[in-house]
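S.K.: Structure file input_15.cif, mmCIF, C-alpha atoms and all ligand atoms, is pasted below:
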```
data_structure
loop_
_atom_site.label_atom_id
_atom_site.label_comp_id
_atom_site.auth_asym_id
_atom_site.auth_seq_id
_atom_site.Cartn_x
_atom_site.Cartn_y
_atom_site.Cartn_z
CA MET O 1198 106.80 89.13 71.25
CA PRO O 1199 107.13 92.19 73.50
CA ALA O 1200 104.00 93.34 75.30
CA LYS O 1201 102.18 96.21 73.59
CA ILE O 1202 101.43 99.18 75.82
CA LEU O 1203 98.96 101.94 75.03
CA ILE O 1204 100.04 105.28 76.53
CA VAL O 1205 97.29 107.87 76.80
CA ASP O 1206 98.23 111.44 77.72
CA ASP O 1207 97.32 114.76 76.15
CA ASP O 1208 100.55 116.43 77.25
CA PRO O 1209 103.13 115.71 74.51
CA ASN O 1210 106.05 116.06 76.94
CA VAL O 1211 104.62 113.55 79.37
CA GLN O 1212 103.72 111.24 76.52
CA ARG O 1213 107.26 111.42 75.18
CA LEU O 1214 108.78 110.74 78.57
CA LEU O 1215 106.50 107.78 79.24
CA THR O 1216 107.15 106.38 75.77
CA TYR O 1217 110.88 106.64 76.32
CA THR O 1218 110.73 104.93 79.73
CA VAL O 1219 108.54 102.09 78.53
CA ARG O 1220 110.45 101.52 75.27
CA GLN O 1221 113.76 101.40 77.16
CA GLU O 1222 112.38 98.34 78.89
CA GLY O 1223 111.72 96.66 75.54
CA TYR O 1224 107.94 97.08 75.32
CA GLU O 1225 106.16 98.07 72.15
CA VAL O 1226 104.39 101.43 72.49
CA ILE O 1227 101.29 102.91 70.89
CA THR O 1228 99.87 106.28 71.90
CA ALA O 1229 96.68 108.30 72.05
CA ASN O 1230 96.18 111.98 72.82
CA ASP O 1231 92.64 112.07 74.11
CA GLY O 1232 89.99 109.82 75.61
CA ALA O 1233 88.06 109.13 72.42
CA GLU O 1234 91.23 108.23 70.55
CA ALA O 1235 92.30 106.04 73.46
CA PHE O 1236 89.12 104.01 73.23
CA ARG O 1237 89.40 103.67 69.42
CA THR O 1238 93.04 102.63 69.64
CA TRP O 1239 92.29 100.10 72.35
CA SER O 1240 89.60 98.44 70.24
CA ALA O 1241 91.68 98.45 67.05
CA GLU O 1242 95.06 97.46 68.49
CA HIS O 1243 94.31 95.23 71.48
CA PRO O 1244 97.18 96.42 73.68
CA ASP O 1245 98.37 94.24 76.56
CA LEU O 1246 98.21 97.12 79.05
CA VAL O 1247 96.93 100.72 79.13
CA LEU O 1248 98.58 103.66 80.90
CA LEU O 1249 95.75 106.10 81.23
CA ASP O 1250 95.93 109.74 82.29
CA VAL O 1251 92.85 110.91 84.21
CA MET O 1252 92.50 114.46 82.89
CA LEU O 1253 91.97 114.06 79.15
CA PRO O 1254 90.05 115.96 76.49
CA LYS O 1255 86.84 114.44 75.08
CA LEU O 1256 86.48 111.51 77.49
CA ASP O 1257 88.32 111.54 80.82
CA GLY O 1258 90.30 108.56 82.08
CA TYR O 1259 87.44 107.25 84.23
CA GLN O 1260 85.08 107.28 81.28
CA VAL O 1261 87.61 105.54 79.05
CA ALA O 1262 88.21 102.82 81.66
CA THR O 1263 84.47 102.33 82.15
CA LYS O 1264 83.89 102.09 78.40
CA ILE O 1265 86.70 99.56 77.95
CA ARG O 1266 85.36 97.40 80.77
CA ALA O 1267 81.88 97.51 79.31
CA GLU O 1268 83.10 96.48 75.87
CA GLU O 1269 85.81 93.94 76.50
CA GLY O 1270 83.58 90.93 77.10
CA GLY O 1271 85.67 87.94 78.15
CA GLY O 1272 89.04 89.72 78.23
CA HIS O 1273 90.61 92.02 80.77
CA VAL O 1274 93.23 94.53 79.75
CA PRO O 1275 95.16 95.81 82.78
CA ILE O 1276 94.77 99.58 83.21
CA ILE O 1277 97.05 101.81 85.27
CA MET O 1278 95.52 105.20 85.98
CA LEU O 1279 97.92 108.14 86.13
CA THR O 1280 96.51 110.80 88.38
CA ALA O 1281 97.61 114.14 89.70
CA GLU O 1282 95.03 113.92 92.44
CA LYS O 1283 96.06 112.58 95.78
CA GLU O 1284 92.71 112.22 97.47
CA VAL O 1285 91.63 108.74 98.43
CA GLU O 1286 88.22 109.29 96.90
CA GLN O 1287 89.74 109.99 93.51
CA LYS O 1288 91.83 106.84 93.73
CA VAL O 1289 88.83 104.85 94.72
CA ARG O 1290 86.87 106.33 91.83
CA GLY O 1291 89.63 105.33 89.44
CA LEU O 1292 89.72 101.79 90.73
CA ARG O 1293 85.94 101.55 90.64
CA ALA O 1294 85.93 102.72 87.04
CA GLY O 1295 87.88 99.58 86.28
CA ALA O 1296 91.52 100.53 86.72
CA ASP O 1297 93.71 97.82 88.23
CA ASP O 1298 96.24 100.18 89.71
CA TYR O 1299 97.03 103.89 89.92
CA LEU O 1300 100.08 106.09 90.20
CA VAL O 1301 100.09 109.61 91.56
CA LYS O 1302 102.21 112.04 89.51
CA PRO O 1303 105.07 112.67 89.74
CA PHE O 1304 106.29 109.12 90.05
CA HIS O 1305 109.62 107.42 89.57
CA PRO O 1306 110.07 105.60 86.23
CA GLN O 1307 111.22 102.49 88.09
CA GLU O 1308 108.01 102.45 90.06
CA LEU O 1309 105.99 102.68 86.86
CA LEU O 1310 107.95 99.83 85.30
CA ALA O 1311 107.53 97.67 88.41
CA ARG O 1312 103.76 98.17 88.34
CA ILE O 1313 103.61 97.42 84.62
CA LYS O 1314 105.59 94.24 85.06
CA SER O 1315 103.49 93.00 87.94
CA LEU O 1316 100.20 93.65 86.14
CA LEU O 1317 101.43 91.99 82.96
CA VAL O 1318 102.33 88.88 84.95
CA ARG O 1319 99.07 88.96 86.83
CA PHE O 1320 96.90 89.28 83.75
CA ALA O 1321 98.96 87.27 81.31
CA PRO O 1322 96.61 85.10 79.28
CA LYS O 1323 97.26 81.46 79.98
CA ASP O 1324 96.64 78.61 77.57
CA VAL O 1325 94.42 76.95 80.11
CA GLN O 1326 92.09 79.92 79.87
CA VAL O 1327 89.98 78.25 77.25
CA GLY O 1328 87.44 76.04 78.92
CA ARG O 1329 88.60 77.18 82.33
CA PRO O 1330 86.05 76.47 85.03
CA PRO O 1331 84.15 79.45 86.40
CA LEU O 1332 85.64 81.34 89.30
CA GLY O 1333 84.15 81.04 92.74
CA ARG O 1334 82.63 83.87 94.72
CA VAL O 1335 84.28 85.62 97.60
CA LEU O 1336 81.92 86.35 100.48
CA ALA O 1337 83.14 88.64 103.26
CA PHE O 1338 81.58 88.45 106.72
CA TYR O 1339 82.06 91.67 108.55
CA GLY O 1340 80.88 92.28 112.12
CA ALA O 1341 79.50 95.77 112.70
CA LYS O 1342 80.49 95.25 116.34
CA GLY O 1343 82.52 92.70 118.26
CA GLY O 1344 80.64 89.68 119.53
CA VAL O 1345 77.61 89.94 117.24
CA GLY O 1346 78.13 86.42 115.90
CA THR O 1347 80.16 87.01 112.74
CA THR O 1348 82.39 84.00 113.24
CA THR O 1349 79.48 81.76 114.19
CA ILE O 1350 77.68 82.70 110.98
CA ALA O 1351 80.72 82.50 108.69
CA ILE O 1352 81.73 79.04 109.93
CA ASN O 1353 78.26 77.55 109.87
CA ALA O 1354 77.43 79.10 106.50
CA ALA O 1355 80.62 77.55 105.09
CA ILE O 1356 79.61 74.13 106.40
CA ALA O 1357 76.05 74.48 105.10
CA LEU O 1358 77.22 75.52 101.63
CA HIS O 1359 79.42 72.44 101.49
CA ARG O 1360 77.41 69.75 103.24
CA GLU O 1361 73.88 70.75 102.44
CA LEU O 1362 74.35 72.37 99.02
CA GLY O 1363 77.32 70.39 97.75
CA ARG O 1364 79.54 73.37 96.99
CA ARG O 1365 83.32 73.39 97.25
CA VAL O 1366 84.10 75.81 100.06
CA ALA O 1367 87.16 77.45 101.56
CA LEU O 1368 86.94 79.48 104.75
CA VAL O 1369 89.57 82.08 105.62
CA ASP O 1370 90.01 83.44 109.13
CA GLY O 1371 90.74 87.06 108.31
CA ASN O 1372 90.71 88.13 111.95
CA LEU O 1373 94.47 88.18 111.85
CA GLN O 1374 95.27 89.04 115.45
CA PHE O 1375 92.58 87.20 117.36
CA GLY O 1376 91.17 84.73 114.91
CA ASP O 1377 89.28 82.02 116.71
CA HIS O 1378 88.44 79.43 114.07
CA ARG O 1379 90.83 77.05 115.84
CA VAL O 1380 88.66 77.30 118.96
CA PHE O 1381 85.35 76.99 117.12
CA LEU O 1382 86.66 73.99 115.18
CA ASP O 1383 88.79 72.35 117.85
CA LEU O 1384 92.11 72.66 116.04
CA GLY O 1385 95.46 73.08 117.73
CA LEU O 1386 98.04 75.81 117.34
CA ASP O 1387 100.29 73.37 115.50
CA ARG O 1388 98.15 73.57 112.34
CA LYS O 1389 99.45 75.52 109.37
CA SER O 1390 98.20 79.08 108.95
CA ILE O 1391 98.24 82.09 106.68
CA VAL O 1392 101.72 82.86 108.05
CA ASP O 1393 102.99 79.81 106.14
CA VAL O 1394 101.50 81.33 102.99
CA VAL O 1395 102.89 84.83 103.32
CA SER O 1396 106.36 83.72 104.35
CA ALA O 1397 106.80 81.75 101.12
CA PRO O 1398 108.55 83.52 98.22
CA SER O 1399 105.41 83.46 96.08
CA ILE O 1400 101.74 82.67 96.57
CA ASP O 1401 100.28 80.07 94.26
CA VAL O 1402 97.58 77.43 94.38
CA ASP O 1403 99.98 74.60 95.14
CA LEU O 1404 101.24 76.41 98.20
CA LEU O 1405 97.68 77.16 99.32
CA LYS O 1406 96.61 73.54 98.88
CA HIS O 1407 99.49 72.55 101.11
CA VAL O 1408 98.61 75.04 103.86
CA LEU O 1409 94.83 74.66 103.93
CA VAL O 1410 93.52 72.48 106.73
CA ARG O 1411 90.63 70.16 105.89
CA HIS O 1412 87.95 70.19 108.58
CA ASP O 1413 85.97 66.99 109.18
CA SER O 1414 82.96 68.68 107.58
CA GLY O 1415 84.88 68.87 104.29
CA VAL O 1416 85.42 72.63 104.40
CA ASP O 1417 89.01 73.73 103.74
CA LEU O 1418 90.35 76.26 106.21
CA LEU O 1419 92.98 78.92 105.99
CA LEU O 1420 93.67 79.60 109.64
CA ALA O 1421 94.74 82.87 111.24
CA PRO O 1422 98.27 83.31 112.61
CA PRO O 1423 98.81 81.31 115.80
CA SER O 1424 99.71 84.44 117.79
CA PRO O 1425 98.81 88.15 117.53
CA GLU O 1426 102.38 89.30 116.95
CA THR O 1427 102.75 87.22 113.80
CA ALA O 1428 99.65 88.87 112.32
CA GLU O 1429 101.66 91.80 111.04
CA LEU O 1430 103.50 89.51 108.65
CA VAL O 1431 100.35 89.60 106.55
CA THR O 1432 100.40 92.73 104.37
CA GLN O 1433 97.47 94.47 102.71
CA ASP O 1434 98.35 92.91 99.36
CA ASP O 1435 98.39 89.36 100.68
CA LEU O 1436 94.73 88.69 101.41
CA PRO O 1437 93.44 89.90 98.01
CA GLN O 1438 96.02 87.70 96.30
CA ILE O 1439 95.13 84.71 98.43
CA LEU O 1440 91.42 85.19 97.81
CA GLU O 1441 91.95 85.49 94.05
CA GLN O 1442 93.91 82.25 94.05
CA LEU O 1443 91.38 80.45 96.21
CA ARG O 1444 88.50 81.41 93.98
CA THR O 1445 90.12 79.44 91.18
CA LEU O 1446 89.81 76.32 93.35
CA TYR O 1447 86.46 76.72 95.13
CA ASP O 1448 82.84 77.62 94.42
CA TYR O 1449 82.80 79.85 97.47
CA VAL O 1450 85.55 81.47 99.46
CA LEU O 1451 84.26 82.84 102.76
CA ILE O 1452 86.31 85.24 104.85
CA ASP O 1453 85.57 86.30 108.41
CA ILE O 1454 87.01 89.74 109.20
CA ASP O 1455 86.94 91.96 112.26
CA LYS O 1456 85.38 95.39 112.44
CA ARG O 1457 88.42 97.53 111.68
CA LEU O 1458 88.08 99.50 108.47
CA ASP O 1459 91.82 99.59 107.93
CA GLU O 1460 93.66 99.11 104.65
CA VAL O 1461 93.85 95.32 105.08
CA ASN O 1462 90.11 94.94 105.59
CA LEU O 1463 89.24 97.49 102.90
CA ARG O 1464 91.23 95.52 100.38
CA VAL O 1465 89.32 92.40 101.40
CA LEU O 1466 86.00 94.21 101.00
CA ASP O 1467 87.16 95.38 97.59
CA THR O 1468 87.95 91.84 96.50
CA ALA O 1469 84.71 90.39 97.84
CA ASP O 1470 81.75 89.82 95.54
CA MET O 1471 79.43 90.23 98.46
CA ILE O 1472 79.79 91.73 101.92
CA PHE O 1473 77.60 90.46 104.75
CA VAL O 1474 77.47 93.02 107.53
CA VAL O 1475 76.50 91.09 110.64
CA MET O 1476 74.60 93.02 113.32
CA THR O 1477 72.32 92.68 116.30
CA ALA O 1478 69.39 94.90 117.21
CA ASP O 1479 70.92 97.27 119.74
CA LEU O 1480 71.60 100.97 119.51
CA SER O 1481 75.38 100.90 119.45
CA CYS O 1482 75.35 98.28 116.76
CA LEU O 1483 72.84 100.25 114.68
CA LYS O 1484 75.07 103.30 114.99
CA ASN O 1485 78.02 101.26 113.71
CA VAL O 1486 76.02 99.79 110.85
CA ARG O 1487 75.05 103.29 109.79
CA LEU O 1488 78.69 104.40 109.79
CA VAL O 1489 79.78 101.29 107.95
CA LEU O 1490 77.11 101.74 105.30
CA GLU O 1491 78.19 105.35 104.83
CA THR O 1492 81.84 104.37 104.46
CA ILE O 1493 80.95 101.60 102.10
CA SER O 1494 78.85 103.92 99.96
CA HIS O 1495 81.87 106.25 99.65
CA LEU O 1496 83.79 103.33 98.26
CA GLY O 1497 81.33 103.25 95.39
CA TYR O 1498 80.27 99.62 95.65
CA GLU O 1499 77.08 98.62 93.96
CA GLN O 1500 74.13 98.61 96.31
CA GLU O 1501 73.61 94.85 95.96
CA LYS O 1502 77.14 94.06 97.10
CA VAL O 1503 76.30 94.82 100.73
CA ARG O 1504 73.83 92.70 102.69
CA LEU O 1505 72.71 93.14 106.25
CA VAL O 1506 72.42 90.07 108.43
CA LEU O 1507 70.51 90.54 111.64
CA ASN O 1508 71.73 87.90 114.05
CA ARG O 1509 69.66 86.80 117.04
CA SER O 1510 66.78 88.52 115.26
CA ASN O 1511 64.08 87.30 117.61
CA ALA O 1512 65.94 88.10 120.84
CA PHE O 1513 64.18 90.67 122.95
CA THR O 1514 66.16 93.89 122.78
CA GLY O 1515 63.34 96.44 122.67
CA ILE O 1516 64.21 97.09 119.02
CA ASN O 1517 62.46 94.92 116.46
CA VAL O 1518 63.33 94.35 112.82
CA LYS O 1519 60.99 97.09 111.61
CA ASN O 1520 62.48 99.64 114.04
CA ALA O 1521 65.99 98.68 112.97
CA GLU O 1522 65.10 98.98 109.28
CA GLY O 1523 63.47 102.33 109.96
CA ALA O 1524 66.55 103.63 111.76
CA LEU O 1525 68.83 102.46 108.96
CA LYS O 1526 66.42 103.49 106.19
CA ARG O 1527 67.05 100.23 104.39
CA THR O 1528 66.00 96.63 104.31
CA ILE O 1529 67.67 93.98 106.40
CA GLU O 1530 68.08 91.16 103.92
CA HIS O 1531 68.77 88.24 106.23
CA GLN O 1532 67.87 87.15 109.73
CA ILE O 1533 69.28 84.40 111.94
CA VAL O 1534 67.35 83.26 114.97
CA ASN O 1535 68.51 83.58 118.54
CA GLU O 1536 69.48 80.34 120.23
CA TYR O 1537 72.10 81.07 122.80
CA ARG O 1538 72.44 77.58 124.22
CA GLY O 1539 72.86 75.95 120.81
CA ALA O 1540 75.41 78.54 119.71
CA ILE O 1541 77.50 78.59 122.86
CA SER O 1542 77.59 74.84 123.40
CA ALA O 1543 78.71 74.35 119.79
CA LEU O 1544 81.44 76.92 120.35
CA ASN O 1545 82.63 75.39 123.61
CA SER O 1546 82.66 71.84 122.26
CA GLY O 1547 84.47 72.79 119.06
CA ALA O 1548 81.72 71.17 116.98
CA PRO O 1549 79.76 73.69 114.86
CA PHE O 1550 75.99 73.18 115.04
CA MET O 1551 75.77 73.00 111.27
CA PHE O 1552 77.99 69.93 111.47
CA THR O 1553 76.47 68.10 114.42
CA LYS O 1554 72.97 69.60 114.74
CA ALA O 1555 72.00 70.80 111.29
CA ASP O 1556 68.40 70.08 112.13
CA SER O 1557 68.28 72.41 115.14
CA LEU O 1558 66.46 75.73 114.99
CA LEU O 1559 69.73 77.53 114.51
CA GLY O 1560 70.86 75.01 111.90
CA ARG O 1561 67.71 75.47 109.86
CA SER O 1562 67.93 79.23 110.12
CA LEU O 1563 71.53 79.16 108.87
CA LEU O 1564 70.56 76.83 106.05
CA ASP O 1565 67.83 79.22 104.90
CA PHE O 1566 70.41 81.97 104.88
CA THR O 1567 72.91 79.99 102.80
CA ARG O 1568 70.22 78.81 100.41
CA SER O 1569 69.30 82.39 99.69
CA ILE O 1570 72.95 83.26 99.03
CA ASP O 1571 73.37 80.29 96.73
CA LYS O 1572 70.19 81.14 94.88
CA GLN O 1573 71.34 84.67 94.19
CA MET O 1574 74.72 83.66 92.91
CA PRO O 1575 74.89 80.06 91.82
CA PRO O 1576 78.56 79.29 91.15
CA SER O 1577 77.74 77.96 87.69
CA LEU O 1578 76.75 81.45 86.61
CA THR O 1579 79.81 83.18 87.89
CA VAL O 1580 82.17 83.11 84.94
CA ARG O 1581 84.26 86.21 85.24
CA PRO O 1582 86.97 87.48 82.97
CA ARG O 1583 89.74 87.50 85.50
CA PHE O 1584 92.96 85.62 85.74
CA ALA O 1585 94.59 84.07 88.74
CA THR O 1586 97.40 86.13 90.16
CA ALA O 1587 100.84 84.67 90.26
CA GLY O 1588 103.86 85.66 92.30
CA ARG O 1589 103.95 88.47 94.85
N1 LIG Q 1 72.24 83.16 116.60
C1 LIG Q 1 72.78 83.16 117.81
N2 LIG Q 1 72.01 82.94 118.89
C2 LIG Q 1 72.55 82.95 120.12
N3 LIG Q 1 73.84 83.17 120.37
C3 LIG Q 1 74.66 83.41 119.35
C4 LIG Q 1 74.17 83.41 118.01
N4 LIG Q 1 75.21 83.66 117.20
C5 LIG Q 1 76.30 83.81 117.99
N5 LIG Q 1 75.98 83.66 119.28
C6 LIG Q 1 76.90 83.74 120.43
O1 LIG Q 1 77.47 85.03 120.45
C7 LIG Q 1 78.79 84.97 120.94
C8 LIG Q 1 79.73 85.67 119.97
O2 LIG Q 1 79.78 84.91 118.78
P1 LIG Q 1 80.99 85.00 117.75
O3 LIG Q 1 82.28 84.73 118.40
O4 LIG Q 1 80.59 84.22 116.57
O5 LIG Q 1 80.90 86.57 117.42
P2 LIG Q 1 81.95 87.48 116.65
O6 LIG Q 1 81.15 88.62 116.13
O7 LIG Q 1 82.72 86.71 115.69
O8 LIG Q 1 82.87 87.96 117.85
P3 LIG Q 1 84.35 88.60 117.82
O9 LIG Q 1 84.12 90.07 117.79
O10 LIG Q 1 84.95 88.12 119.11
O11 LIG Q 1 85.05 88.06 116.62
C9 LIG Q 1 79.12 83.50 121.14
O12 LIG Q 1 78.96 83.18 122.47
C10 LIG Q 1 78.08 82.78 120.29
O13 LIG Q 1 77.79 81.51 120.80
MG MG Q 2 84.79 86.54 115.41
#
```
Can I see the file as structure tokens?

M.R.:
Amino acid sequence: MPAKILIVDDDPNVQRLLTYTVRQEGYEVITANDGAEAFRTWSAEHPDLVLLDVMLPKLDGYQVATKIRAEEGGGHVPIIMLTAEKEVEQKVRGLRAGADDYLVKPFHPQELLARIKSLLVRFAPKDVQVGRPPLGRVLAFYGAKGGVGTTTIAINAAIALHRELGRRVALVDGNLQFGDHRVFLDLGLDRKSIVDVVSAPSIDVDLLKHVLVRHDSGVDLLLAPPSPETAELVTQDDLPQILEQLRTLYDYVLIDIDKRLDEVNLRVLDTADMIFVVMTADLSCLKNVRLVLETISHLGYEQEKVRLVLNRSNAFTGINVKNAEGALKRTIEHQIVNEYRGAISALNSGAPFMFTKADSLLGRSLLDFTRSIDKQMPPSLTVRPRFATAGR
């Protein structure tokens, strides 16, 4: 049976053109002329994909997408937003409203068909859907500044979630150029890395299982490229795809990313269920946190998606937690204690403290942190109506 596509556009000429293009490719087409009709047709006809113009009478495209997402329960119909607006903010708004992709008019018919095809593959219902285990959560660890302890926290949180809380955990080194999980975990350059994933013709769970490196703690690692120049092999589409696949296998997928707010990292932040912004209490870091929070708020994420983690919280810097919260005008949700010797000797010996010294001050502090994460989002409650992506 051909896929059924709902085309929503109030301009009859555009609607005709889109219908022609899509039918030529063998899809079944249904149409709607305004937002209200689009929503009614979607609920009556259950199309496999929606092409949705933004500027529509009655309800605009954003409102239609939001209404569909609110109503669809366990399903997920792919939505491509057709927009005349080029601004990033508009695109972001479209995606936030629940669109899976967008195209800026005018676009080439072949481009439209390619996007349709890829979304249909990505969201194709699979038989195994019924009774499928819940998907894991993606947690992004983002350092507001270099050297604040992002990697230390991501690695030790991963180990705590697995060893202390019994969760299945994957840890991705998303610091593509200078990832240092190999150093922290005493692994050589000969181990497989994300480069082995992105150079394969398609990304699937079998490939990932083959490339992941099991650390002695039981955490599965996706390592960064062995050298900075191979980092550029990883495109902005790769990490989201990898994370979506990994969350079908693990309760938690943690990713450690550097402070660049480039397209690659933004796509990771988009995919993440929760973003932990790691910081220390000094002025330049506070300035960065403020900028990051502003940028993140432009992206339209829900408030609860972003958490602040104050590392080395009891170190003397002249700025205490209250001052820092005052300067940022928001709460700092998590704190990790300062224990330089414990942290640096773990780093230099390649044995994370959560693995060898879980009972240390630092270990206990990290465990408190991971407990609070796990309490807020127990994996058993995280059933989400999404499908694993296939192919690239
Ligand atoms: N809670 C802590 N107490 C004391 N020292 C810490 C703590 N956390 C991290 N450190 C130390 O801070 C230094 C930087 O840590 P780490 O490499 O984890 O930071 P990062 O933010 O990932 O840095 P980069 O920007 O290089 O990726 C290391 O020497 C580490 O041992
Ligand atoms: Mg780091």

S.K.: Tell me, counting all atoms listed in the file, for each residue of chain O within 8 Å of ligand MG 2 (chain Q), which pair of atoms is nearest and how far apart they are in Å to one decimal, in rows ordered by chain and increasing number, as a Markdown table.

M.R.:
```
| residue | atom | partner | partner_atom | distance |
| --- | --- | --- | --- | --- |
| O:Gly1340 | CA | Q:MG2 | MG | 7.7 |
| O:Gly1343 | CA | Q:MG2 | MG | 7.2 |
| O:Gly1344 | CA | Q:MG2 | MG | 6.6 |
| O:Gly1346 | CA | Q:MG2 | MG | 6.7 |
| O:Thr1347 | CA | Q:MG2 | MG | 5.4 |
| O:Thr1348 | CA | Q:MG2 | MG | 4.1 |
| O:Thr1349 | CA | Q:MG2 | MG | 7.2 |
| O:Asn1372 | CA | Q:MG2 | MG | 7.0 |
| O:Gly1376 | CA | Q:MG2 | MG | 6.7 |
| O:Asp1377 | CA | Q:MG2 | MG | 6.5 |
| O:Asp1453 | CA | Q:MG2 | MG | 7.0 |
| O:Ile1454 | CA | Q:MG2 | MG | 7.3 |
| O:Asp1455 | CA | Q:MG2 | MG | 6.6 |
```

S.K.: Check every protein, DNA and RNA residue against ligand LIG 1 (chain Q), keep those with an atom at most 9 Å away (counting all atoms listed in the file), and present them as a short mmCIF file (atom, residue, chain, number, x, y, z; two decimals) with C-alpha atoms, keeping the file's coordinate frame.

M.R.:
```cif
data_model
loop_
_atom_site.label_atom_id
_atom_site.label_comp_id
_atom_site.auth_asym_id
_atom_site.auth_seq_id
_atom_site.Cartn_x
_atom_site.Cartn_y
_atom_site.Cartn_z
CA TYR O 1339 82.06 91.67 108.55
CA GLY O 1340 80.88 92.28 112.12
CA ALA O 1341 79.50 95.77 112.70
CA LYS O 1342 80.49 95.25 116.34
CA GLY O 1343 82.52 92.70 118.26
CA GLY O 1344 80.64 89.68 119.53
CA VAL O 1345 77.61 89.94 117.24
CA GLY O 1346 78.13 86.42 115.90
CA THR O 1347 80.16 87.01 112.74
CA THR O 1348 82.39 84.00 113.24
CA THR O 1349 79.48 81.76 114.19
CA ILE O 1350 77.68 82.70 110.98
CA ALA O 1351 80.72 82.50 108.69
CA ILE O 1352 81.73 79.04 109.93
CA ASN O 1372 90.71 88.13 111.95
CA PHE O 1375 92.58 87.20 117.36
CA GLY O 1376 91.17 84.73 114.91
CA ASP O 1377 89.28 82.02 116.71
CA PHE O 1381 85.35 76.99 117.12
CA ASP O 1453 85.57 86.30 108.41
CA ILE O 1454 87.01 89.74 109.20
CA ASP O 1455 86.94 91.96 112.26
CA LYS O 1456 85.38 95.39 112.44
CA VAL O 1475 76.50 91.09 110.64
CA MET O 1476 74.60 93.02 113.32
CA ASN O 1508 71.73 87.90 114.05
CA ARG O 1509 69.66 86.80 117.04
CA SER O 1510 66.78 88.52 115.26
CA ALA O 1512 65.94 88.10 120.84
CA ILE O 1533 69.28 84.40 111.94
CA VAL O 1534 67.35 83.26 114.97
CA ASN O 1535 68.51 83.58 118.54
CA GLU O 1536 69.48 80.34 120.23
CA TYR O 1537 72.10 81.07 122.80
CA ARG O 1538 72.44 77.58 124.22
CA GLY O 1539 72.86 75.95 120.81
CA ALA O 1540 75.41 78.54 119.71
CA ILE O 1541 77.50 78.59 122.86
CA SER O 1542 77.59 74.84 123.40
CA ALA O 1543 78.71 74.35 119.79
CA LEU O 1544 81.44 76.92 120.35
CA ASN O 1545 82.63 75.39 123.61
CA LEU O 1559 69.73 77.53 114.51
CA SER O 1562 67.93 79.23 110.12
CA LEU O 1563 71.53 79.16 108.87
#
```

S.K.: Determine the nearest neighbour of Gly1547 of chain O from the options O:Val1380, O:Val1408, O:Leu1419, O:Leu1300, counting all atoms listed in the file.

M.R.: O:Val1380

S.K.: May I have the residues within 8 Å of segment 1220-1226 of chain O as a short mmCIF file (atom, residue, chain, number, x, y, z; two decimals) with C-alpha atoms, in the frame of the given file, using all atoms listed in the file and disregarding those fewer than 6 positions away in the same chain?

M.R.:
```
data_model
loop_
_atom_site.label_atom_id
_atom_site.label_comp_id
_atom_site.auth_asym_id
_atom_site.auth_seq_id
_atom_site.Cartn_x
_atom_site.Cartn_y
_atom_site.Cartn_z
CA PRO O 1199 107.13 92.19 73.50
CA ALA O 1200 104.00 93.34 75.30
CA LYS O 1201 102.18 96.21 73.59
CA ILE O 1202 101.43 99.18 75.82
CA LEU O 1203 98.96 101.94 75.03
CA ILE O 1204 100.04 105.28 76.53
CA LEU O 1310 107.95 99.83 85.30
#
```

S.K.: Determine the nearest neighbour of Phe1473 of chain O from the options O:Asn1520, O:Thr1567, O:Ser1390, O:Ser1240, counting only C-alpha atoms.

M.R.: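 When distances to Phe1473 of chain O are compared using only C-alpha atoms, the smallest one comes from O:Thr1567.
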
S.K.: Go ahead and compute the interatomic distance for atom CA of Ala1524 of chain O and atom CA of Ile1452 of chain O, in Å to one decimal.

M.R.: 27.9 Å

S.K.: If we count all atoms listed in the file and set the cut-off at 10 Å, which residues sit around Ala1233 of chain O, ignoring sequence neighbours fewer than 3 positions away in its own chain? Please answer as a list in words.

M.R.: Ala1229, Asn1230, Phe1236, Arg1237, Thr1238, Trp1239, Leu1253, Pro1254, Lys1255, Leu1256, Asp1257, Gly1258, Gln1260 and Val1261 of chain O

S.K.: I need the residue nearest Arg1319 of chain O from this list: O:Asp1401, O:Glu1268, O:Asp1565, O:Asp1417. Use only C-alpha atoms for the distance.

M.R.: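 Closest to Arg1319 of chain O of all the choices is O:Asp1401.
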
S.K.: Which residue out of O:Val1392, O:Ala1397, O:Leu1480, O:Leu1382 has the minimum interatomic distance to Glu1426 of chain O when all atoms listed in the file are used?

M.R.: O:Val1392

S.K.: Mind pulling up the distance from atom CA of Leu1362 of chain O to atom CA of Tyr1449 of chain O?

M.R.: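 The value is 11.4 Å.
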
S.K.: Counting all atoms listed in the file, which residues in segment 1517-1551 of chain O sit no more than 12 Å from segment 1485-1488 of chain O? For each one, give the nearest pair of atoms and the distance in Å, sorted by chain then residue number, as a tab-separated table.

M.R.:
```
residue	atom	partner	partner_atom	distance
O:Ala1521	CA	O:Val1486	CA	10.3
O:Glu1522	CA	O:Arg1487	CA	10.9
O:Gly1523	CA	O:Arg1487	CA	11.6
O:Ala1524	CA	O:Arg1487	CA	8.7
O:Leu1525	CA	O:Arg1487	CA	6.3
O:Lys1526	CA	O:Arg1487	CA	9.4
O:Arg1527	CA	O:Arg1487	CA	10.1
O:Ile1529	CA	O:Val1486	CA	11.1
```
